Amino acid sequence: MAKKEFKAESRRLLDMMINSIYTHREIFLRELISNASDAIDKLYYRSLTDETVGMNRDDFCIRLTVDKENRTLTISDNGCGMSDEELENNLGTIAQSGSLAFKKDNESKEDIDIIGQFGVGFYSAFMVSSHVTVISRPFGSEKAWRWESDGADGYTITEDTKASHGTDIILQLKESSEEENYDEFLESYRLQQLVKKYSDYIRYPIKMMMERSRLKEGTGTEETPAEYESYTEDVTLNSMVPIWKKNKSELTDEDYNSFYREKFFDYEAPLKVIHSSTEGASTYNALLFIPARTPYDFYSRDYEKGLQLYASGVLIMDKCADLLPDYFSFVKGLVDSQDLSLNISREMLQHDRQLKLIAGRLEKKIKSELLSMLKNDREKYEAFYKNFGLQLKYGVYSEYGAHKELLQDLLMFYSSTEQKLVTLEEYVSRMKEDQKFIYYACGDTTAHIDRLPQTERLKEMGYEILYLTDDVDEFCLKMMMNYSEKEFRSVSDKDLGLEEPQENEEIQKKNEENKELFRFMKDALGDRVTDVRLSSRLKSHPICLSADGGLSIEMEKVLNGMPGAVPDGQKVQAQRVLEINPEHPIFARLTALFAEDPEKLKSYAELLYNQALLIEGLPIEDPVAFTNAVCDLMA
Ligand code: ADP
């Protein structure tokens, strides 16, 4: 049969494997055992719903066989096996999740490092082998197939025979040299050690015939000196207790970390591990992880949330979405429960009462762990919040604020006075006695917001302002409406709840006196503004833009910026108000022009409006006309 070439992306990985100078080559064993275990899982799962399979849990096993003479190590399983087509598809190309993530992350990273960090699957066999043979017979088929390759120039698939279903992976180990030792993988004690180290939790027995030595019967007495004889014994190498069933006290950080990296394809240790067991209304073990970094596709549609779901130790679903609310979709991990029926269908699962119970308890658990992180390890929480805070804020906003109570204490915003992220609880605890509202201001960056004229008066009076920089922020606060009975209020709002009555009256009076002037300016600006008036929120700055009504200027920006959300020409617009500082010389100039040169006043109104847009970070309609007008003034 003609040799087939590996697919391009596989080639690169293969080259790395073959020429690997990586020192932890030993992980190949972990990878192949894990594949074998997956293959058994598949068949076992089928046996639960399909009586004709006729296999019991105890019938499954993974076996290591060493042939020192021929320098081969064979890893066998009696799992689902592969047909010729599956051999072609599965081993001819990098197909699966782990490898894909590898490819993606690999672009910016050192090749070698990555290999050790997480699964690279079947190809890792080539780190230690000069030739690999896979003999596989799919369950239910009479035919078996033989896949062979020495890596470099492709592979062949031919028909073969095999006594029973499953897969044998036969590794022809590389010759040892002075620098490299491959013989260790022929030593049963070394293999035993490696299984203990990497694959102890595998839930099927990993067996191997081992040479042992014992006292010969009848020797070792006073009359006959001790004589020893060797014998072979079939030994189960792994304890088969999955890590999540072990006691926390038995486990080290490294145990958790390597389990997480291997299982969830991350090259970094998790930021937080949540390991919990519960008994009572629902009995389950959960092992949850919060990643240290945002997965590259997290904020995209491709991201799939979910936890692995095991029923009494058997994997029944790889990504059970119903176990996690959207706002905690960043959590990875697994749940193992004995209360779930093993042969429940996916459709049934969605309505399962036990599953709902578990999901509810996990949600509480995740929240309380996050709160305690916030309280006890602020730095860590901030790192978490940087990655996933956005998701929490979406969570508050979604479903009409239904989850506000649950999430509000996990939120953080940048504070003008503390100059760091603060919680709403902290803000409220610092509120002044007469303070009615929780103030916030929006913009692209905290530095930009800090310069906004609208914040001036509040800052001067010593009020704390939350600076909102994410698109969702203001929507999130609007959805919450209040926190601890304190309403949220934008610094651009008409009523900041702080004007002393007398001052207020004065401004009202002045506004009234200059009614004609402001009407003239408003008419000059047309539909672009709903009002022009004097401001009480400005101290030194001449002008600013504010909004009447529910839609703020920042919300307008966000809504119009959403791709496809608003058809062109139908953009939403906040009711913009041009506010003028009565103490600023520009006001006197405007009143003078109103009497002397109304035409000039028109162009001044235009200029001021455009300047206010610039401050808000909004585009001006005609930048050329604007600069020309400024230059005319300068000339
Ligand atoms: P991954 O394990 O990340 O999917 P691998 O390269 O290790 O990637 O394996 C590719 C695919 O080959 C697996 O997804 C599986 O379908 C198949 N496979 C590998 N080993 C076995 C095996 N022992 N029995 C059955 N199928 C296997």
# chains A, B, ... in the order shown; residues from 1 in each chain; ligands from 1

$ residues_around --residues "A:Met481" --least-positions-apart "6" --cutoff "12 Å" --atoms "only C-alpha atoms" --output "list in words"
Val396, Tyr397, Tyr400, Gly401, Lys404, Glu405, Gln408, Phe437, Ile438, Glu474, Phe475, Glu487, Phe488, Arg489, Ser490 and Gly550 of chain A

$ write_last_selection --atoms "N, CA and C atoms" --output "PDB file, in the first residue's frame"
ATOM      1  N   VAL A 396     -24.918  40.811  35.219  1.00  0.00           N
ATOM      2  CA  VAL A 396     -25.840  41.705  35.915  1.00  0.00           C
ATOM      3  C   VAL A 396     -26.848  42.268  34.924  1.00  0.00           C
ATOM      4  N   TYR A 397     -26.334  42.601  33.739  1.00  0.00           N
ATOM      5  CA  TYR A 397     -27.181  43.252  32.744  1.00  0.00           C
ATOM      6  C   TYR A 397     -28.193  42.287  32.123  1.00  0.00           C
ATOM      7  N   TYR A 400     -32.686  41.000  32.276  1.00  0.00           N
ATOM      8  CA  TYR A 400     -33.328  42.110  32.980  1.00  0.00           C
ATOM      9  C   TYR A 400     -32.918  42.210  34.444  1.00  0.00           C
ATOM     10  N   GLY A 401     -31.656  41.972  34.691  1.00  0.00           N
ATOM     11  CA  GLY A 401     -31.151  42.192  36.041  1.00  0.00           C
ATOM     12  C   GLY A 401     -31.523  41.118  37.042  1.00  0.00           C
ATOM     13  N   LYS A 404     -28.811  40.322  39.666  1.00  0.00           N
ATOM     14  CA  LYS A 404     -28.161  41.461  40.280  1.00  0.00           C
ATOM     15  C   LYS A 404     -27.769  41.187  41.741  1.00  0.00           C
ATOM     16  N   GLU A 405     -28.697  40.641  42.488  1.00  0.00           N
ATOM     17  CA  GLU A 405     -28.416  40.396  43.909  1.00  0.00           C
ATOM     18  C   GLU A 405     -27.223  39.467  44.079  1.00  0.00           C
ATOM     19  N   GLN A 408     -23.820  41.538  42.547  1.00  0.00           N
ATOM     20  CA  GLN A 408     -23.427  42.925  42.773  1.00  0.00           C
ATOM     21  C   GLN A 408     -22.207  43.083  43.687  1.00  0.00           C
ATOM     22  N   PHE A 437     -26.393  60.091  46.096  1.00  0.00           N
ATOM     23  CA  PHE A 437     -26.207  59.156  44.988  1.00  0.00           C
ATOM     24  C   PHE A 437     -24.816  58.527  44.948  1.00  0.00           C
ATOM     25  N   ILE A 438     -24.740  57.417  44.246  1.00  0.00           N
ATOM     26  CA  ILE A 438     -23.439  56.848  43.895  1.00  0.00           C
ATOM     27  C   ILE A 438     -23.083  57.438  42.531  1.00  0.00           C
ATOM     28  N   GLU A 474     -22.181  51.147  32.078  1.00  0.00           N
ATOM     29  CA  GLU A 474     -23.307  52.010  32.412  1.00  0.00           C
ATOM     30  C   GLU A 474     -24.631  51.243  32.290  1.00  0.00           C
ATOM     31  N   PHE A 475     -24.695  50.347  31.298  1.00  0.00           N
ATOM     32  CA  PHE A 475     -25.897  49.523  31.143  1.00  0.00           C
ATOM     33  C   PHE A 475     -26.098  48.659  32.392  1.00  0.00           C
ATOM     34  N   GLU A 487     -29.073  55.222  44.836  1.00  0.00           N
ATOM     35  CA  GLU A 487     -29.209  55.231  43.380  1.00  0.00           C
ATOM     36  C   GLU A 487     -27.893  55.581  42.699  1.00  0.00           C
ATOM     37  N   PHE A 488     -27.696  55.055  41.527  1.00  0.00           N
ATOM     38  CA  PHE A 488     -26.532  55.446  40.732  1.00  0.00           C
ATOM     39  C   PHE A 488     -26.872  56.721  39.972  1.00  0.00           C
ATOM     40  N   ARG A 489     -25.912  57.592  39.818  1.00  0.00           N
ATOM     41  CA  ARG A 489     -26.167  58.849  39.116  1.00  0.00           C
ATOM     42  C   ARG A 489     -24.951  59.235  38.283  1.00  0.00           C
ATOM     43  N   SER A 490     -25.193  59.491  37.011  1.00  0.00           N
ATOM     44  CA  SER A 490     -24.098  59.909  36.133  1.00  0.00           C
ATOM     45  C   SER A 490     -23.706  61.347  36.444  1.00  0.00           C
ATOM     46  N   GLY A 550     -33.285  59.265  29.647  1.00  0.00           N
ATOM     47  CA  GLY A 550     -32.655  58.020  30.093  1.00  0.00           C
ATOM     48  C   GLY A 550     -31.407  57.608  29.347  1.00  0.00           C
TER      49      GLY A 550
END

$ residues_around --residues "stretch 67-82 of chain A" --least-positions-apart "5" --cutoff "10 Å" --atoms "only C-alpha atoms" --output "number ranges by chain"
A: 29, 32-33, 35-44, 46, 59-62, 87-90, 129, 131-141, 144-146, 164-175, 182-183, 185-187, 204, 206-208

$ residues_around --residues "A:Glu460" --least-positions-apart "6" --cutoff "12 Å" --atoms "only C-alpha atoms" --output "PDB file with N, CA and C atoms, in the first residue's frame"
ATOM      1  N   SER A 416     -12.328  57.433  41.745  1.00  0.00           N
ATOM      2  CA  SER A 416     -11.581  58.684  41.567  1.00  0.00           C
ATOM      3  C   SER A 416     -10.748  59.016  42.797  1.00  0.00           C
ATOM      4  N   THR A 417     -11.230  58.676  43.963  1.00  0.00           N
ATOM      5  CA  THR A 417     -10.495  59.060  45.164  1.00  0.00           C
ATOM      6  C   THR A 417      -9.458  58.009  45.573  1.00  0.00           C
ATOM      7  N   PRO A 453     -14.776  67.744  32.194  1.00  0.00           N
ATOM      8  CA  PRO A 453     -15.265  68.901  32.954  1.00  0.00           C
ATOM      9  C   PRO A 453     -16.415  68.535  33.890  1.00  0.00           C
ATOM     10  N   GLN A 454     -17.252  67.585  33.462  1.00  0.00           N
ATOM     11  CA  GLN A 454     -18.422  67.234  34.270  1.00  0.00           C
ATOM     12  C   GLN A 454     -18.069  66.730  35.665  1.00  0.00           C
ATOM     13  N   ARG A 537     -22.434  72.392  37.274  1.00  0.00           N
ATOM     14  CA  ARG A 537     -21.429  71.369  37.577  1.00  0.00           C
ATOM     15  C   ARG A 537     -20.036  71.781  37.143  1.00  0.00           C
ATOM     16  N   LEU A 538     -19.917  72.916  36.434  1.00  0.00           N
ATOM     17  CA  LEU A 538     -18.600  73.324  35.951  1.00  0.00           C
ATOM     18  C   LEU A 538     -17.984  74.333  36.901  1.00  0.00           C
ATOM     19  N   LYS A 539     -16.685  74.233  37.070  1.00  0.00           N
ATOM     20  CA  LYS A 539     -15.989  75.166  37.960  1.00  0.00           C
ATOM     21  C   LYS A 539     -15.045  76.054  37.167  1.00  0.00           C
ATOM     22  N   SER A 540     -14.084  75.426  36.452  1.00  0.00           N
ATOM     23  CA  SER A 540     -13.143  76.229  35.694  1.00  0.00           C
ATOM     24  C   SER A 540     -13.321  76.048  34.185  1.00  0.00           C
TER      25      SER A 540
END

$ residues_around --residues "A:Ser213" --least-positions-apart "4" --cutoff "8 Å" --atoms "only C-alpha atoms" --output "NGL selection string"
:A and (228-231)

$ write_last_selection --atoms "N, CA, C and O atoms" --output "compact mmCIF listing (two decimals), in the first residue's frame"
# COMPACT_ATOMS: atom_id res chain seq x y z
N TYR A 228 16.14 -17.88 46.82
CA TYR A 228 15.09 -17.05 46.22
C TYR A 228 14.77 -17.52 44.81
O TYR A 228 15.62 -18.06 44.12
N GLU A 229 13.56 -17.34 44.44
CA GLU A 229 13.20 -17.65 43.06
C GLU A 229 12.42 -16.47 42.50
O GLU A 229 11.76 -15.73 43.22
N SER A 230 12.54 -16.32 41.20
CA SER A 230 11.76 -15.22 40.61
C SER A 230 10.49 -15.78 39.99
O SER A 230 10.43 -16.94 39.59
N TYR A 231 9.52 -14.95 39.98
CA TYR A 231 8.23 -15.35 39.39
C TYR A 231 7.62 -14.08 38.79
O TYR A 231 8.05 -12.97 39.08

$ select_by_dssp --residues "stretch 330-491 of chain A" --states "strand (DSSP E)" --output "ChimeraX atom specification"
/A:332-337,412-415,421-423,437-442,465-468,482-483,486-490

$ select_by_dssp --residues "stretch 328-443 of chain A" --states "alpha helix (DSSP H)" --output "MDAnalysis selection string"
chainID A and resid 346:350 353:376 378:401 404:407 424:430

$ closest_atom_pairs --of "stretch 12-91 of chain A" --to "stretch 250-272 of chain A" --cutoff "10 Å" --atoms "only C-alpha atoms" --output "JSON lines"
{"residue": "A:Arg30", "atom": "CA", "partner": "A:Glu262", "partner_atom": "CA", "distance": 9.7}
{"residue": "A:Glu31", "atom": "CA", "partner": "A:Glu262", "partner_atom": "CA", "distance": 9.3}
{"residue": "A:Ser34", "atom": "CA", "partner": "A:Lys263", "partner_atom": "CA", "distance": 9.8}

$ residues_around --residues "stretch 599-613 of chain A" --least-positions-apart "6" --cutoff "6 Å" --atoms "only C-alpha atoms" --output "PyMOL selection string"
chain A and resi 521+524+544-545+593+620

$ residues_around --residues "A:Leu362" --least-positions-apart "5" --cutoff "12 Å" --atoms "only C-alpha atoms" --output "mmCIF file with N, CA and C atoms, in the first residue's frame"
data_model
loop_
_atom_site.group_PDB
_atom_site.id
_atom_site.type_symbol
_atom_site.label_atom_id
_atom_site.label_comp_id
_atom_site.auth_asym_id
_atom_site.auth_seq_id
_atom_site.Cartn_x
_atom_site.Cartn_y
_atom_site.Cartn_z
ATOM 1 N N ILE A 274 -11.105 24.986 43.249
ATOM 2 C CA ILE A 274 -12.208 24.785 44.195
ATOM 3 C C ILE A 274 -12.526 23.289 44.212
ATOM 4 N N HIS A 275 -12.221 22.658 45.299
ATOM 5 C CA HIS A 275 -12.432 21.223 45.413
ATOM 6 C C HIS A 275 -13.457 20.996 46.514
ATOM 7 N N SER A 276 -14.621 20.476 46.148
ATOM 8 C CA SER A 276 -15.614 20.327 47.209
ATOM 9 C C SER A 276 -16.386 19.023 47.067
ATOM 10 N N SER A 277 -16.760 18.493 48.193
ATOM 11 C CA SER A 277 -17.592 17.296 48.214
ATOM 12 C C SER A 277 -18.812 17.625 49.053
ATOM 13 N N THR A 278 -19.928 17.124 48.630
ATOM 14 C CA THR A 278 -21.155 17.419 49.351
ATOM 15 C C THR A 278 -21.970 16.164 49.510
ATOM 16 N N SER A 282 -28.025 16.270 47.540
ATOM 17 C CA SER A 282 -27.347 15.754 46.356
ATOM 18 C C SER A 282 -25.910 15.448 46.755
ATOM 19 N N TYR A 284 -22.186 14.783 45.622
ATOM 20 C CA TYR A 284 -21.299 14.917 44.473
ATOM 21 C C TYR A 284 -19.913 15.392 44.909
ATOM 22 N N ASN A 285 -18.947 15.154 44.049
ATOM 23 C CA ASN A 285 -17.626 15.756 44.192
ATOM 24 C C ASN A 285 -17.468 16.727 43.040
ATOM 25 N N ALA A 286 -16.942 17.890 43.349
ATOM 26 C CA ALA A 286 -16.690 18.836 42.261
ATOM 27 C C ALA A 286 -15.256 19.311 42.349
ATOM 28 N N LEU A 287 -14.625 19.407 41.219
ATOM 29 C CA LEU A 287 -13.284 19.973 41.160
ATOM 30 C C LEU A 287 -13.316 21.062 40.098
ATOM 31 N N LEU A 288 -13.273 22.303 40.573
ATOM 32 C CA LEU A 288 -13.443 23.432 39.663
ATOM 33 C C LEU A 288 -12.176 24.277 39.623
ATOM 34 N N LEU A 307 -19.105 22.038 32.288
ATOM 35 C CA LEU A 307 -18.256 21.212 33.139
ATOM 36 C C LEU A 307 -18.368 19.771 32.664
ATOM 37 N N ASP A 322 -25.452 23.061 31.318
ATOM 38 C CA ASP A 322 -26.467 23.357 32.328
ATOM 39 C C ASP A 322 -25.911 23.469 33.743
ATOM 40 N N LEU A 323 -24.675 23.058 33.911
ATOM 41 C CA LEU A 323 -24.101 23.119 35.261
ATOM 42 C C LEU A 323 -23.567 24.503 35.610
ATOM 43 N N LEU A 324 -23.436 25.366 34.610
ATOM 44 C CA LEU A 324 -22.848 26.682 34.875
ATOM 45 C C LEU A 324 -23.720 27.805 34.329
ATOM 46 N N PRO A 325 -23.990 28.809 35.156
ATOM 47 C CA PRO A 325 -24.680 29.976 34.605
ATOM 48 C C PRO A 325 -23.707 30.740 33.690
ATOM 49 N N PHE A 328 -20.765 32.691 35.118
ATOM 50 C CA PHE A 328 -19.605 31.950 35.635
ATOM 51 C C PHE A 328 -19.042 31.014 34.563
ATOM 52 N N VAL A 331 -15.509 29.211 34.492
ATOM 53 C CA VAL A 331 -15.099 28.111 35.368
ATOM 54 C C VAL A 331 -14.940 26.832 34.556
ATOM 55 N N LYS A 332 -13.824 26.146 34.786
ATOM 56 C CA LYS A 332 -13.617 24.848 34.143
ATOM 57 C C LYS A 332 -13.621 23.787 35.230
ATOM 58 N N GLY A 333 -13.802 22.565 34.841
ATOM 59 C CA GLY A 333 -13.721 21.534 35.851
ATOM 60 C C GLY A 333 -14.714 20.423 35.622
ATOM 61 N N LEU A 334 -15.006 19.711 36.698
ATOM 62 C CA LEU A 334 -15.857 18.533 36.556
ATOM 63 C C LEU A 334 -16.691 18.300 37.803
ATOM 64 N N VAL A 335 -17.741 17.559 37.592
ATOM 65 C CA VAL A 335 -18.619 17.165 38.684
ATOM 66 C C VAL A 335 -18.848 15.665 38.559
ATOM 67 N N LEU A 355 -29.551 17.399 38.651
ATOM 68 C CA LEU A 355 -28.611 18.265 37.958
ATOM 69 C C LEU A 355 -28.855 19.729 38.319
ATOM 70 N N LYS A 356 -30.128 20.093 38.398
ATOM 71 C CA LYS A 356 -30.470 21.473 38.755
ATOM 72 C C LYS A 356 -30.006 21.787 40.167
ATOM 73 N N LEU A 357 -30.217 20.805 41.049
ATOM 74 C CA LEU A 357 -29.782 20.985 42.438
ATOM 75 C C LEU A 357 -28.284 21.222 42.512
ATOM 76 N N LYS A 367 -19.616 31.549 43.978
ATOM 77 C CA LYS A 367 -19.753 32.909 44.467
ATOM 78 C C LYS A 367 -19.040 33.085 45.810
ATOM 79 N N SER A 368 -19.262 32.155 46.711
ATOM 80 C CA SER A 368 -18.668 32.346 48.036
ATOM 81 C C SER A 368 -17.147 32.248 47.966
ATOM 82 N N GLU A 369 -16.642 31.422 47.068
ATOM 83 C CA GLU A 369 -15.182 31.345 46.921
ATOM 84 C C GLU A 369 -14.626 32.656 46.356
#

$ closest_residue --among "A:Arg293, A:His351, A:Arg589, A:Arg63" --to "A:Asp234" --atoms "only C-alpha atoms"
A:Arg63

$ closest_residue --among "A:Thr294, A:Ser337, A:Asn581, A:Ser429" --to "A:Asn511" --atoms "only C-alpha atoms"
A:Asn581

$ residues_around --residues "A:Phe126" --least-positions-apart "4" --cutoff "10 Å" --atoms "only C-alpha atoms" --output "list of chain:residue names"
A:Leu14, A:Asp15, A:Met16, A:Met17, A:Ile18, A:Asn19, A:Ser20, A:Arg25, A:Phe28, A:Phe122, A:Ser130, A:His131, A:Val132, A:Ser149, A:Asp150, A:Gly151, A:Ala152, A:Leu171, A:Gln172, A:Leu173, A:Lys174

$ write_last_selection --atoms "N, CA, C and O atoms" --output "compact mmCIF listing (two decimals), in the first residue's frame"
# COMPACT_ATOMS: atom_id res chain seq x y z
N LEU A 14 5.04 16.83 14.42
CA LEU A 14 5.82 15.60 14.33
C LEU A 14 7.31 15.87 14.32
O LEU A 14 8.07 15.22 15.03
N ASP A 15 7.71 16.85 13.52
CA ASP A 15 9.13 17.20 13.46
C ASP A 15 9.64 17.54 14.85
O ASP A 15 10.72 17.13 15.26
N MET A 16 8.81 18.27 15.56
CA MET A 16 9.22 18.65 16.91
C MET A 16 9.36 17.44 17.81
O MET A 16 10.23 17.37 18.66
N MET A 17 8.47 16.49 17.60
CA MET A 17 8.50 15.29 18.44
C MET A 17 9.73 14.43 18.12
O MET A 17 10.42 13.96 19.01
N ILE A 18 9.96 14.26 16.83
CA ILE A 18 11.05 13.38 16.42
C ILE A 18 12.40 13.95 16.85
O ILE A 18 13.26 13.25 17.36
N ASN A 19 12.53 15.25 16.66
CA ASN A 19 13.82 15.86 16.98
C ASN A 19 13.82 16.44 18.38
O ASN A 19 14.66 17.27 18.71
N SER A 20 12.87 16.03 19.15
CA SER A 20 12.71 16.66 20.45
C SER A 20 13.96 16.56 21.31
O SER A 20 14.56 15.50 21.47
N ARG A 25 10.49 13.56 28.03
CA ARG A 25 9.93 12.68 27.01
C ARG A 25 8.98 11.66 27.61
O ARG A 25 8.09 11.14 26.95
N PHE A 28 5.10 10.76 27.14
CA PHE A 28 4.44 10.01 26.05
C PHE A 28 3.54 8.93 26.64
O PHE A 28 2.46 8.64 26.14
N PHE A 122 -1.16 11.62 20.71
CA PHE A 122 -0.57 10.44 20.11
C PHE A 122 0.84 10.66 19.57
O PHE A 122 1.74 9.82 19.72
N SER A 130 11.33 4.99 17.17
CA SER A 130 11.77 5.16 15.79
C SER A 130 10.68 4.68 14.84
O SER A 130 10.64 5.04 13.68
N HIS A 131 9.80 3.85 15.36
CA HIS A 131 8.75 3.30 14.53
C HIS A 131 7.53 3.03 15.41
O HIS A 131 7.67 2.50 16.51
N VAL A 132 6.36 3.38 14.92
CA VAL A 132 5.16 3.14 15.71
C VAL A 132 4.16 2.32 14.90
O VAL A 132 3.90 2.63 13.73
N SER A 149 4.13 3.82 10.98
CA SER A 149 4.85 5.01 10.53
C SER A 149 6.16 5.15 11.30
O SER A 149 6.26 4.76 12.46
N ASP A 150 7.17 5.67 10.61
CA ASP A 150 8.33 6.09 11.40
C ASP A 150 8.39 7.60 11.41
O ASP A 150 9.45 8.21 11.49
N GLY A 151 7.23 8.19 11.32
CA GLY A 151 7.13 9.64 11.51
C GLY A 151 7.41 10.39 10.24
O GLY A 151 6.49 10.84 9.56
N ALA A 152 8.67 10.42 9.87
CA ALA A 152 9.13 11.35 8.84
C ALA A 152 8.32 11.36 7.55
O ALA A 152 7.72 12.37 7.21
N LEU A 171 5.43 0.44 20.30
CA LEU A 171 6.50 1.42 20.11
C LEU A 171 7.83 0.71 19.94
O LEU A 171 8.25 -0.06 20.81
N GLN A 172 8.46 0.96 18.82
CA GLN A 172 9.83 0.48 18.64
C GLN A 172 10.71 1.59 19.20
O GLN A 172 10.84 2.65 18.60
N LEU A 173 11.29 1.33 20.37
CA LEU A 173 12.01 2.40 21.04
C LEU A 173 13.28 2.77 20.28
O LEU A 173 13.93 1.92 19.66
N LYS A 174 13.63 4.04 20.32
CA LYS A 174 14.87 4.50 19.69
C LYS A 174 16.06 3.84 20.36
O LYS A 174 15.98 3.46 21.54

$ atom_distance --atom1 "atom CA of A:Cys320" --atom2 "atom CA of A:Asp409"
27.0 Å

$ closest_residue --among "A:Asp50, A:Glu363, A:Asp84, A:Glu503" --to "ligand 1" --atoms "only C-alpha atoms and all ligand atoms"
A:Asp84
